[in-house]
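The file query-v1.cif contains mmCIF, N, CA and C atoms:
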```cif
data_coords
loop_
_atom_site.label_atom_id
_atom_site.label_comp_id
_atom_site.auth_asym_id
_atom_site.auth_seq_id
_atom_site.Cartn_x
_atom_site.Cartn_y
_atom_site.Cartn_z
N MET G 18 109.83 44.09 0.48
CA MET G 18 108.64 44.30 -0.32
C MET G 18 108.31 45.79 -0.35
N ALA G 19 108.01 46.28 -1.54
CA ALA G 19 107.71 47.70 -1.72
C ALA G 19 106.37 48.06 -1.10
N ALA G 20 106.26 49.28 -0.66
CA ALA G 20 104.99 49.76 -0.11
C ALA G 20 103.95 49.78 -1.22
N PRO G 21 102.70 49.51 -0.88
CA PRO G 21 101.66 49.51 -1.91
C PRO G 21 101.41 50.91 -2.47
N ILE G 22 100.94 50.94 -3.70
CA ILE G 22 100.50 52.19 -4.30
C ILE G 22 99.17 52.53 -3.65
N ARG G 23 99.10 53.68 -3.04
CA ARG G 23 97.90 54.11 -2.32
C ARG G 23 97.04 54.97 -3.25
N VAL G 24 95.84 54.48 -3.55
CA VAL G 24 94.97 55.14 -4.53
C VAL G 24 93.75 55.74 -3.84
N LEU G 25 93.48 57.01 -4.16
CA LEU G 25 92.24 57.66 -3.76
C LEU G 25 91.39 57.76 -5.01
N VAL G 26 90.19 57.21 -4.97
CA VAL G 26 89.26 57.20 -6.10
C VAL G 26 88.26 58.34 -5.91
N VAL G 27 88.15 59.23 -6.92
CA VAL G 27 87.24 60.37 -6.84
C VAL G 27 86.31 60.34 -8.06
N ASP G 28 85.04 60.08 -7.81
CA ASP G 28 84.04 60.04 -8.88
C ASP G 28 82.67 60.19 -8.25
N ASP G 29 81.80 60.96 -8.89
CA ASP G 29 80.46 61.13 -8.32
C ASP G 29 79.57 59.92 -8.54
N SER G 30 79.99 58.98 -9.38
CA SER G 30 79.20 57.77 -9.65
C SER G 30 79.61 56.65 -8.70
N LEU G 31 78.65 56.18 -7.91
CA LEU G 31 78.90 55.05 -7.02
C LEU G 31 79.32 53.82 -7.82
N THR G 32 78.73 53.62 -8.97
CA THR G 32 79.05 52.47 -9.81
C THR G 32 80.51 52.51 -10.27
N ILE G 33 80.97 53.66 -10.73
CA ILE G 33 82.36 53.81 -11.17
C ILE G 33 83.31 53.60 -10.00
N ARG G 34 82.99 54.17 -8.85
CA ARG G 34 83.85 53.97 -7.67
C ARG G 34 83.95 52.50 -7.32
N ALA G 35 82.83 51.79 -7.37
CA ALA G 35 82.83 50.36 -7.06
C ALA G 35 83.63 49.57 -8.09
N MET G 36 83.49 49.92 -9.37
CA MET G 36 84.26 49.22 -10.40
C MET G 36 85.76 49.42 -10.19
N LEU G 37 86.16 50.65 -9.90
CA LEU G 37 87.58 50.92 -9.68
C LEU G 37 88.10 50.17 -8.46
N GLU G 38 87.34 50.19 -7.39
CA GLU G 38 87.77 49.46 -6.19
C GLU G 38 87.92 47.97 -6.48
N THR G 39 87.01 47.40 -7.25
CA THR G 39 87.07 45.98 -7.61
C THR G 39 88.33 45.69 -8.43
N VAL G 40 88.60 46.53 -9.43
CA VAL G 40 89.79 46.34 -10.26
C VAL G 40 91.05 46.40 -9.41
N PHE G 41 91.18 47.42 -8.58
CA PHE G 41 92.40 47.59 -7.79
C PHE G 41 92.53 46.54 -6.69
N ALA G 42 91.43 46.05 -6.16
CA ALA G 42 91.48 45.03 -5.10
C ALA G 42 92.10 43.72 -5.61
N ARG G 43 92.02 43.50 -6.89
CA ARG G 43 92.57 42.26 -7.49
C ARG G 43 94.08 42.34 -7.71
N GLU G 44 94.65 43.49 -7.53
CA GLU G 44 96.06 43.70 -7.86
C GLU G 44 96.94 43.76 -6.62
N ARG G 45 98.01 42.98 -6.66
CA ARG G 45 99.01 43.07 -5.59
C ARG G 45 99.73 44.39 -5.71
N GLY G 46 99.98 45.01 -4.60
CA GLY G 46 100.75 46.24 -4.59
C GLY G 46 99.93 47.49 -4.87
N VAL G 47 98.61 47.35 -4.98
CA VAL G 47 97.73 48.50 -5.18
C VAL G 47 96.65 48.45 -4.11
N LYS G 48 96.47 49.55 -3.40
CA LYS G 48 95.49 49.59 -2.32
C LYS G 48 94.65 50.85 -2.42
N VAL G 49 93.34 50.70 -2.46
CA VAL G 49 92.44 51.85 -2.42
C VAL G 49 92.37 52.28 -0.96
N VAL G 50 92.82 53.50 -0.70
CA VAL G 50 92.83 54.00 0.68
C VAL G 50 91.60 54.83 0.99
N GLY G 51 90.83 55.16 -0.05
CA GLY G 51 89.60 55.92 0.17
C GLY G 51 88.92 56.21 -1.14
N ASN G 52 87.65 56.62 -1.02
CA ASN G 52 86.94 57.07 -2.21
C ASN G 52 86.08 58.26 -1.82
N ALA G 53 85.90 59.13 -2.80
CA ALA G 53 85.16 60.36 -2.56
C ALA G 53 84.18 60.58 -3.71
N ALA G 54 83.02 61.12 -3.37
CA ALA G 54 81.98 61.36 -4.37
C ALA G 54 82.06 62.77 -4.95
N SER G 55 82.97 63.60 -4.43
CA SER G 55 83.09 64.96 -4.93
C SER G 55 84.52 65.44 -4.76
N ALA G 56 84.85 66.50 -5.49
CA ALA G 56 86.17 67.10 -5.37
C ALA G 56 86.38 67.67 -3.97
N GLU G 57 85.33 68.28 -3.43
CA GLU G 57 85.43 68.86 -2.09
C GLU G 57 85.74 67.78 -1.05
N GLU G 58 85.05 66.66 -1.14
CA GLU G 58 85.29 65.55 -0.21
C GLU G 58 86.71 65.02 -0.37
N ALA G 59 87.16 64.87 -1.59
CA ALA G 59 88.52 64.37 -1.84
C ALA G 59 89.56 65.30 -1.25
N GLU G 60 89.37 66.57 -1.43
CA GLU G 60 90.33 67.54 -0.92
C GLU G 60 90.47 67.46 0.60
N ARG G 61 89.35 67.21 1.27
CA ARG G 61 89.38 67.06 2.74
C ARG G 61 90.10 65.77 3.16
N MET G 62 90.10 64.75 2.33
CA MET G 62 90.64 63.44 2.69
C MET G 62 92.14 63.29 2.40
N ILE G 63 92.66 64.06 1.49
CA ILE G 63 94.02 63.84 0.98
C ILE G 63 95.09 63.90 2.06
N ASP G 64 95.04 64.89 2.93
CA ASP G 64 96.09 65.01 3.94
C ASP G 64 96.09 63.84 4.92
N ASP G 65 94.93 63.27 5.21
CA ASP G 65 94.86 62.13 6.12
C ASP G 65 95.26 60.82 5.43
N LEU G 66 94.86 60.66 4.17
CA LEU G 66 95.06 59.39 3.47
C LEU G 66 96.41 59.27 2.79
N LEU G 67 97.02 60.39 2.43
CA LEU G 67 98.31 60.41 1.75
C LEU G 67 98.37 59.45 0.55
N PRO G 68 97.52 59.65 -0.44
CA PRO G 68 97.54 58.77 -1.61
C PRO G 68 98.80 58.97 -2.46
N SER G 69 99.21 57.88 -3.13
CA SER G 69 100.29 57.95 -4.11
C SER G 69 99.75 58.47 -5.43
N VAL G 70 98.50 58.05 -5.73
CA VAL G 70 97.84 58.39 -6.99
C VAL G 70 96.38 58.71 -6.68
N VAL G 71 95.84 59.70 -7.39
CA VAL G 71 94.42 60.02 -7.30
C VAL G 71 93.82 59.75 -8.67
N THR G 72 92.77 58.92 -8.73
CA THR G 72 92.01 58.78 -9.97
C THR G 72 90.82 59.72 -9.84
N MET G 73 90.56 60.50 -10.90
CA MET G 73 89.53 61.52 -10.73
C MET G 73 88.70 61.70 -12.00
N ASP G 74 87.40 61.76 -11.79
CA ASP G 74 86.45 62.09 -12.85
C ASP G 74 86.61 63.56 -13.19
N ILE G 75 86.31 63.91 -14.42
CA ILE G 75 86.37 65.31 -14.81
C ILE G 75 85.07 66.02 -14.49
N ALA G 76 83.95 65.42 -14.91
CA ALA G 76 82.65 66.08 -14.73
C ALA G 76 82.02 65.63 -13.42
N MET G 77 82.01 66.55 -12.45
CA MET G 77 81.38 66.27 -11.15
C MET G 77 80.63 67.52 -10.72
N PRO G 78 79.58 67.35 -9.92
CA PRO G 78 78.87 68.54 -9.42
C PRO G 78 79.77 69.32 -8.47
N GLY G 79 79.51 70.60 -8.36
CA GLY G 79 80.36 71.44 -7.52
C GLY G 79 81.66 71.72 -8.24
N ILE G 80 82.76 71.59 -7.53
CA ILE G 80 84.08 71.78 -8.14
C ILE G 80 84.31 70.61 -9.09
N ASP G 81 84.66 70.91 -10.35
CA ASP G 81 84.89 69.80 -11.28
C ASP G 81 86.31 69.27 -11.12
N GLY G 82 86.56 68.15 -11.75
CA GLY G 82 87.85 67.49 -11.63
C GLY G 82 89.02 68.31 -12.13
N LEU G 83 88.81 69.11 -13.18
CA LEU G 83 89.91 69.92 -13.70
C LEU G 83 90.31 71.01 -12.70
N ALA G 84 89.34 71.61 -12.04
CA ALA G 84 89.66 72.63 -11.03
C ALA G 84 90.43 72.02 -9.87
N LEU G 85 90.00 70.84 -9.42
CA LEU G 85 90.75 70.19 -8.33
C LEU G 85 92.12 69.75 -8.82
N LEU G 86 92.21 69.27 -10.05
CA LEU G 86 93.51 68.90 -10.63
C LEU G 86 94.48 70.08 -10.53
N ASP G 87 94.03 71.26 -10.91
CA ASP G 87 94.89 72.44 -10.83
C ASP G 87 95.44 72.62 -9.43
N ARG G 88 94.58 72.48 -8.43
CA ARG G 88 95.01 72.66 -7.04
C ARG G 88 95.96 71.56 -6.58
N LEU G 89 95.64 70.32 -6.93
CA LEU G 89 96.46 69.20 -6.47
C LEU G 89 97.86 69.23 -7.07
N VAL G 90 97.95 69.61 -8.32
CA VAL G 90 99.25 69.69 -8.97
C VAL G 90 100.06 70.86 -8.42
N ALA G 91 99.42 72.00 -8.25
CA ALA G 91 100.13 73.19 -7.79
C ALA G 91 100.50 73.12 -6.31
N GLU G 92 99.56 72.68 -5.47
CA GLU G 92 99.77 72.75 -4.03
C GLU G 92 100.36 71.48 -3.43
N ARG G 93 100.03 70.34 -3.99
CA ARG G 93 100.44 69.09 -3.34
C ARG G 93 101.32 68.20 -4.19
N ARG G 94 101.47 68.55 -5.46
CA ARG G 94 102.31 67.77 -6.39
C ARG G 94 101.92 66.29 -6.41
N LEU G 95 100.64 66.04 -6.40
CA LEU G 95 100.14 64.66 -6.45
C LEU G 95 100.09 64.15 -7.88
N HIS G 96 100.18 62.84 -8.03
CA HIS G 96 100.05 62.19 -9.32
C HIS G 96 98.56 61.91 -9.54
N VAL G 97 97.98 62.54 -10.56
CA VAL G 97 96.55 62.42 -10.81
C VAL G 97 96.32 61.78 -12.18
N VAL G 98 95.47 60.75 -12.20
CA VAL G 98 95.02 60.12 -13.44
C VAL G 98 93.56 60.50 -13.62
N MET G 99 93.27 61.19 -14.70
CA MET G 99 91.90 61.63 -14.97
C MET G 99 91.13 60.53 -15.69
N LEU G 100 89.84 60.42 -15.35
CA LEU G 100 88.95 59.43 -15.96
C LEU G 100 87.78 60.16 -16.59
N SER G 101 87.49 59.82 -17.84
CA SER G 101 86.35 60.42 -18.52
C SER G 101 86.05 59.60 -19.76
N SER G 102 84.84 59.72 -20.24
CA SER G 102 84.49 59.08 -21.50
C SER G 102 84.63 60.07 -22.65
N HIS G 103 85.08 61.28 -22.36
CA HIS G 103 85.26 62.31 -23.37
C HIS G 103 86.74 62.46 -23.70
N THR G 104 87.14 61.92 -24.84
CA THR G 104 88.55 61.91 -25.21
C THR G 104 89.15 63.31 -25.31
N GLU G 105 88.36 64.28 -25.75
CA GLU G 105 88.90 65.64 -25.87
C GLU G 105 89.34 66.19 -24.52
N ALA G 106 88.78 65.67 -23.46
CA ALA G 106 89.17 66.10 -22.12
C ALA G 106 90.60 65.67 -21.79
N ALA G 107 91.09 64.64 -22.48
CA ALA G 107 92.45 64.15 -22.23
C ALA G 107 93.48 65.23 -22.50
N ILE G 108 93.33 65.93 -23.60
CA ILE G 108 94.29 66.96 -23.97
C ILE G 108 94.36 68.03 -22.89
N GLU G 109 93.20 68.49 -22.46
CA GLU G 109 93.17 69.54 -21.44
C GLU G 109 93.73 69.04 -20.11
N SER G 110 93.33 67.83 -19.69
CA SER G 110 93.79 67.34 -18.38
C SER G 110 95.29 67.11 -18.36
N LEU G 111 95.84 66.58 -19.44
CA LEU G 111 97.29 66.37 -19.50
C LEU G 111 98.01 67.71 -19.54
N GLY G 112 97.45 68.66 -20.26
CA GLY G 112 98.05 69.99 -20.31
C GLY G 112 98.03 70.71 -18.97
N ARG G 113 97.11 70.31 -18.11
CA ARG G 113 96.98 70.95 -16.79
C ARG G 113 97.70 70.17 -15.69
N GLY G 114 98.42 69.12 -16.06
CA GLY G 114 99.26 68.45 -15.08
C GLY G 114 98.91 67.03 -14.70
N ALA G 115 97.85 66.46 -15.27
CA ALA G 115 97.55 65.05 -14.99
C ALA G 115 98.69 64.20 -15.55
N VAL G 116 99.02 63.12 -14.86
CA VAL G 116 100.08 62.24 -15.35
C VAL G 116 99.53 61.19 -16.32
N GLY G 117 98.21 61.10 -16.41
CA GLY G 117 97.62 60.16 -17.34
C GLY G 117 96.13 60.37 -17.47
N PHE G 118 95.57 59.71 -18.44
CA PHE G 118 94.15 59.79 -18.74
C PHE G 118 93.67 58.41 -19.13
N PHE G 119 92.48 58.02 -18.64
CA PHE G 119 91.92 56.71 -18.98
C PHE G 119 90.45 56.87 -19.32
N ASP G 120 90.02 56.20 -20.37
CA ASP G 120 88.63 56.24 -20.82
C ASP G 120 87.78 55.39 -19.88
N LYS G 121 86.83 56.01 -19.20
CA LYS G 121 85.97 55.31 -18.24
C LYS G 121 85.24 54.12 -18.84
N ARG G 122 84.95 54.19 -20.12
CA ARG G 122 84.20 53.10 -20.76
C ARG G 122 85.02 51.82 -20.82
N ARG G 123 86.33 51.91 -20.55
CA ARG G 123 87.21 50.75 -20.65
C ARG G 123 87.67 50.22 -19.29
N ILE G 124 87.09 50.69 -18.20
CA ILE G 124 87.56 50.29 -16.88
C ILE G 124 87.56 48.77 -16.73
N LEU G 125 86.48 48.13 -17.09
CA LEU G 125 86.41 46.68 -16.94
C LEU G 125 87.03 45.93 -18.12
N SER G 126 86.84 46.44 -19.32
CA SER G 126 87.36 45.72 -20.50
C SER G 126 88.87 45.82 -20.62
N ASP G 127 89.48 46.84 -20.02
CA ASP G 127 90.93 47.00 -20.08
C ASP G 127 91.48 47.29 -18.68
N ALA G 128 91.06 46.47 -17.73
CA ALA G 128 91.50 46.66 -16.34
C ALA G 128 93.02 46.59 -16.23
N LYS G 129 93.65 45.71 -16.97
CA LYS G 129 95.12 45.60 -16.91
C LYS G 129 95.79 46.88 -17.39
N GLY G 130 95.22 47.49 -18.44
CA GLY G 130 95.76 48.76 -18.93
C GLY G 130 95.61 49.87 -17.89
N LEU G 131 94.49 49.88 -17.20
CA LEU G 131 94.27 50.87 -16.14
C LEU G 131 95.28 50.69 -15.02
N VAL G 132 95.48 49.46 -14.59
CA VAL G 132 96.44 49.19 -13.51
C VAL G 132 97.85 49.57 -13.95
N LYS G 133 98.19 49.27 -15.19
CA LYS G 133 99.50 49.65 -15.72
C LYS G 133 99.69 51.17 -15.66
N LEU G 134 98.64 51.90 -16.03
CA LEU G 134 98.70 53.36 -15.98
C LEU G 134 98.86 53.85 -14.54
N ILE G 135 98.16 53.24 -13.60
CA ILE G 135 98.28 53.61 -12.18
C ILE G 135 99.70 53.36 -11.68
N ARG G 136 100.27 52.25 -12.08
CA ARG G 136 101.65 51.94 -11.67
C ARG G 136 102.63 52.96 -12.27
N ARG G 137 102.44 53.33 -13.53
CA ARG G 137 103.30 54.34 -14.17
C ARG G 137 103.12 55.68 -13.49
N ALA G 138 101.88 56.02 -13.15
CA ALA G 138 101.61 57.30 -12.49
C ALA G 138 102.30 57.36 -11.12
N ALA G 139 102.22 56.28 -10.37
CA ALA G 139 102.84 56.24 -9.04
C ALA G 139 104.35 56.40 -9.14
N ALA G 140 104.92 55.92 -10.24
CA ALA G 140 106.36 56.04 -10.45
C ALA G 140 106.74 57.41 -11.00
N GLY G 141 105.72 58.24 -11.29
CA GLY G 141 105.99 59.59 -11.78
C GLY G 141 106.17 59.70 -13.28
N HIS G 142 105.82 58.65 -14.01
CA HIS G 142 105.92 58.70 -15.48
C HIS G 142 104.74 59.46 -16.05
N ILE G 143 105.03 60.47 -16.82
CA ILE G 143 103.99 61.33 -17.38
C ILE G 143 103.69 60.90 -18.80
N ALA G 144 102.40 60.82 -19.13
CA ALA G 144 101.99 60.46 -20.48
C ALA G 144 102.48 61.52 -21.46
N ARG G 145 102.93 61.08 -22.62
CA ARG G 145 103.39 62.00 -23.64
C ARG G 145 102.31 62.32 -24.66
N SER G 146 101.28 61.54 -24.70
CA SER G 146 100.22 61.73 -25.69
C SER G 146 98.88 61.62 -25.00
N PRO G 147 97.89 62.42 -25.39
CA PRO G 147 96.57 62.30 -24.77
C PRO G 147 95.91 60.97 -25.09
N LEU G 148 96.43 60.24 -26.06
CA LEU G 148 95.83 58.95 -26.39
C LEU G 148 96.43 57.82 -25.58
N LEU G 149 97.51 58.10 -24.85
CA LEU G 149 98.09 57.07 -23.99
C LEU G 149 97.16 56.82 -22.81
N SER G 150 97.03 55.58 -22.46
CA SER G 150 96.23 55.25 -21.28
C SER G 150 96.79 54.01 -20.64
#
```

How would this structure read if it were set down as structure tokens?
Amino acid sequence: MAAPIRVLVVDDSLTIRAMLETVFARERGVKVVGNAASAEEAERMIDDLLPSVVTMDIAMPGIDGLALLDRLVAERRLHVVMLSSHTEAAIESLGRGAVGFFDKRRILSDAKGLVKLIRRAAAGHIARSPLLS
């Protein structure tokens, strides 16, 4: 049996973090290993948790998701899936090294699509279009 995909959820919204944990808890082979309310908190957790994939909000107080994305891609080569309700952010996040982008408004309505994206991200498949999710 393959090791589970280890997901670190990073979002300043408690509601979004809870929704993501609920979606991933229903899936075999996907395990939420931690959640963080800020980029700074996530950065402190990564070395201990060793996530396969990081889901990350773009707009957060303090260091925003794009700034942390830059660091994670450059320094740790992590697979990051950005979450936002702003589609224009997809182009920038993919251009800066995110392996995927998912519209936060669809977390519950398209949970299967989100999980599919997480599985592709863990396998290292990079989105070719900002509209892919």

Calculate how many Å separate CA of Leu83 (chain G) from atom N of Ser30 (chain G), rounding to one decimal.
15.4 Å

List the residues selected by the PyMOL selection byres (((chain G and resi 119-128 and name CA) around 10) and name CA) in the file shown, writing them as a ChimeraX atom specification.
/G:33,36-37,39-41,43,72-74,98-104,106-107,117-118,129-135,147-150

Pick out the closest residue to Gly46 (chain G) from this set: G:Leu25, G:Leu85, G:Val70, G:Ala19. Count only N, CA and C atoms.
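So, comparing all the options, the nearest one is G:Ala19.
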
Tell me, in Å to one decimal, how far CA of Val116 (chain G) is from CA of Glu57 (chain G).
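Separating CA of Val116 (chain G) from CA of Glu57 (chain G) is a distance of 20.8 Å.
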
Name the residues of chain G that fall into alpha helix (DSSP H) according to DSSP on the backbone, using the chain letters and numbers of this document, as a PyMOL selection string.
chain G and resi 31-42+56-66+82-88+105-112+128-139

Gap from CA of Glu44 (chain G) to atom N of Ile22 (chain G) - Å, one decimal
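Computing it gives 9.7 Å between the two atoms.
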
Taking the file as I've supplied it (selection: the PyMOL selection byres (((chain G and resi 58-69 and name CA) around 10) and name CA)), which residues are included? Please answer as a ChimeraX atom specification.
/G:21-28,47-57,70-71,73,85,88-89,93,95-97,135-136,138-141

Which one is closest to Asp81 (chain G): G:Arg137, G:Ala42, G:Arg113, G:Asp29? Count only C-alpha atoms.
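Closest to Asp81 (chain G), using only C-alpha atoms: G:Asp29.
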
So which residues of chain G fall under strand (DSSP E or B) by DSSP, listed as a VMD selection string?
chain G and resid 22 to 27 47 to 53 70 to 74 96 to 101 117 to 120
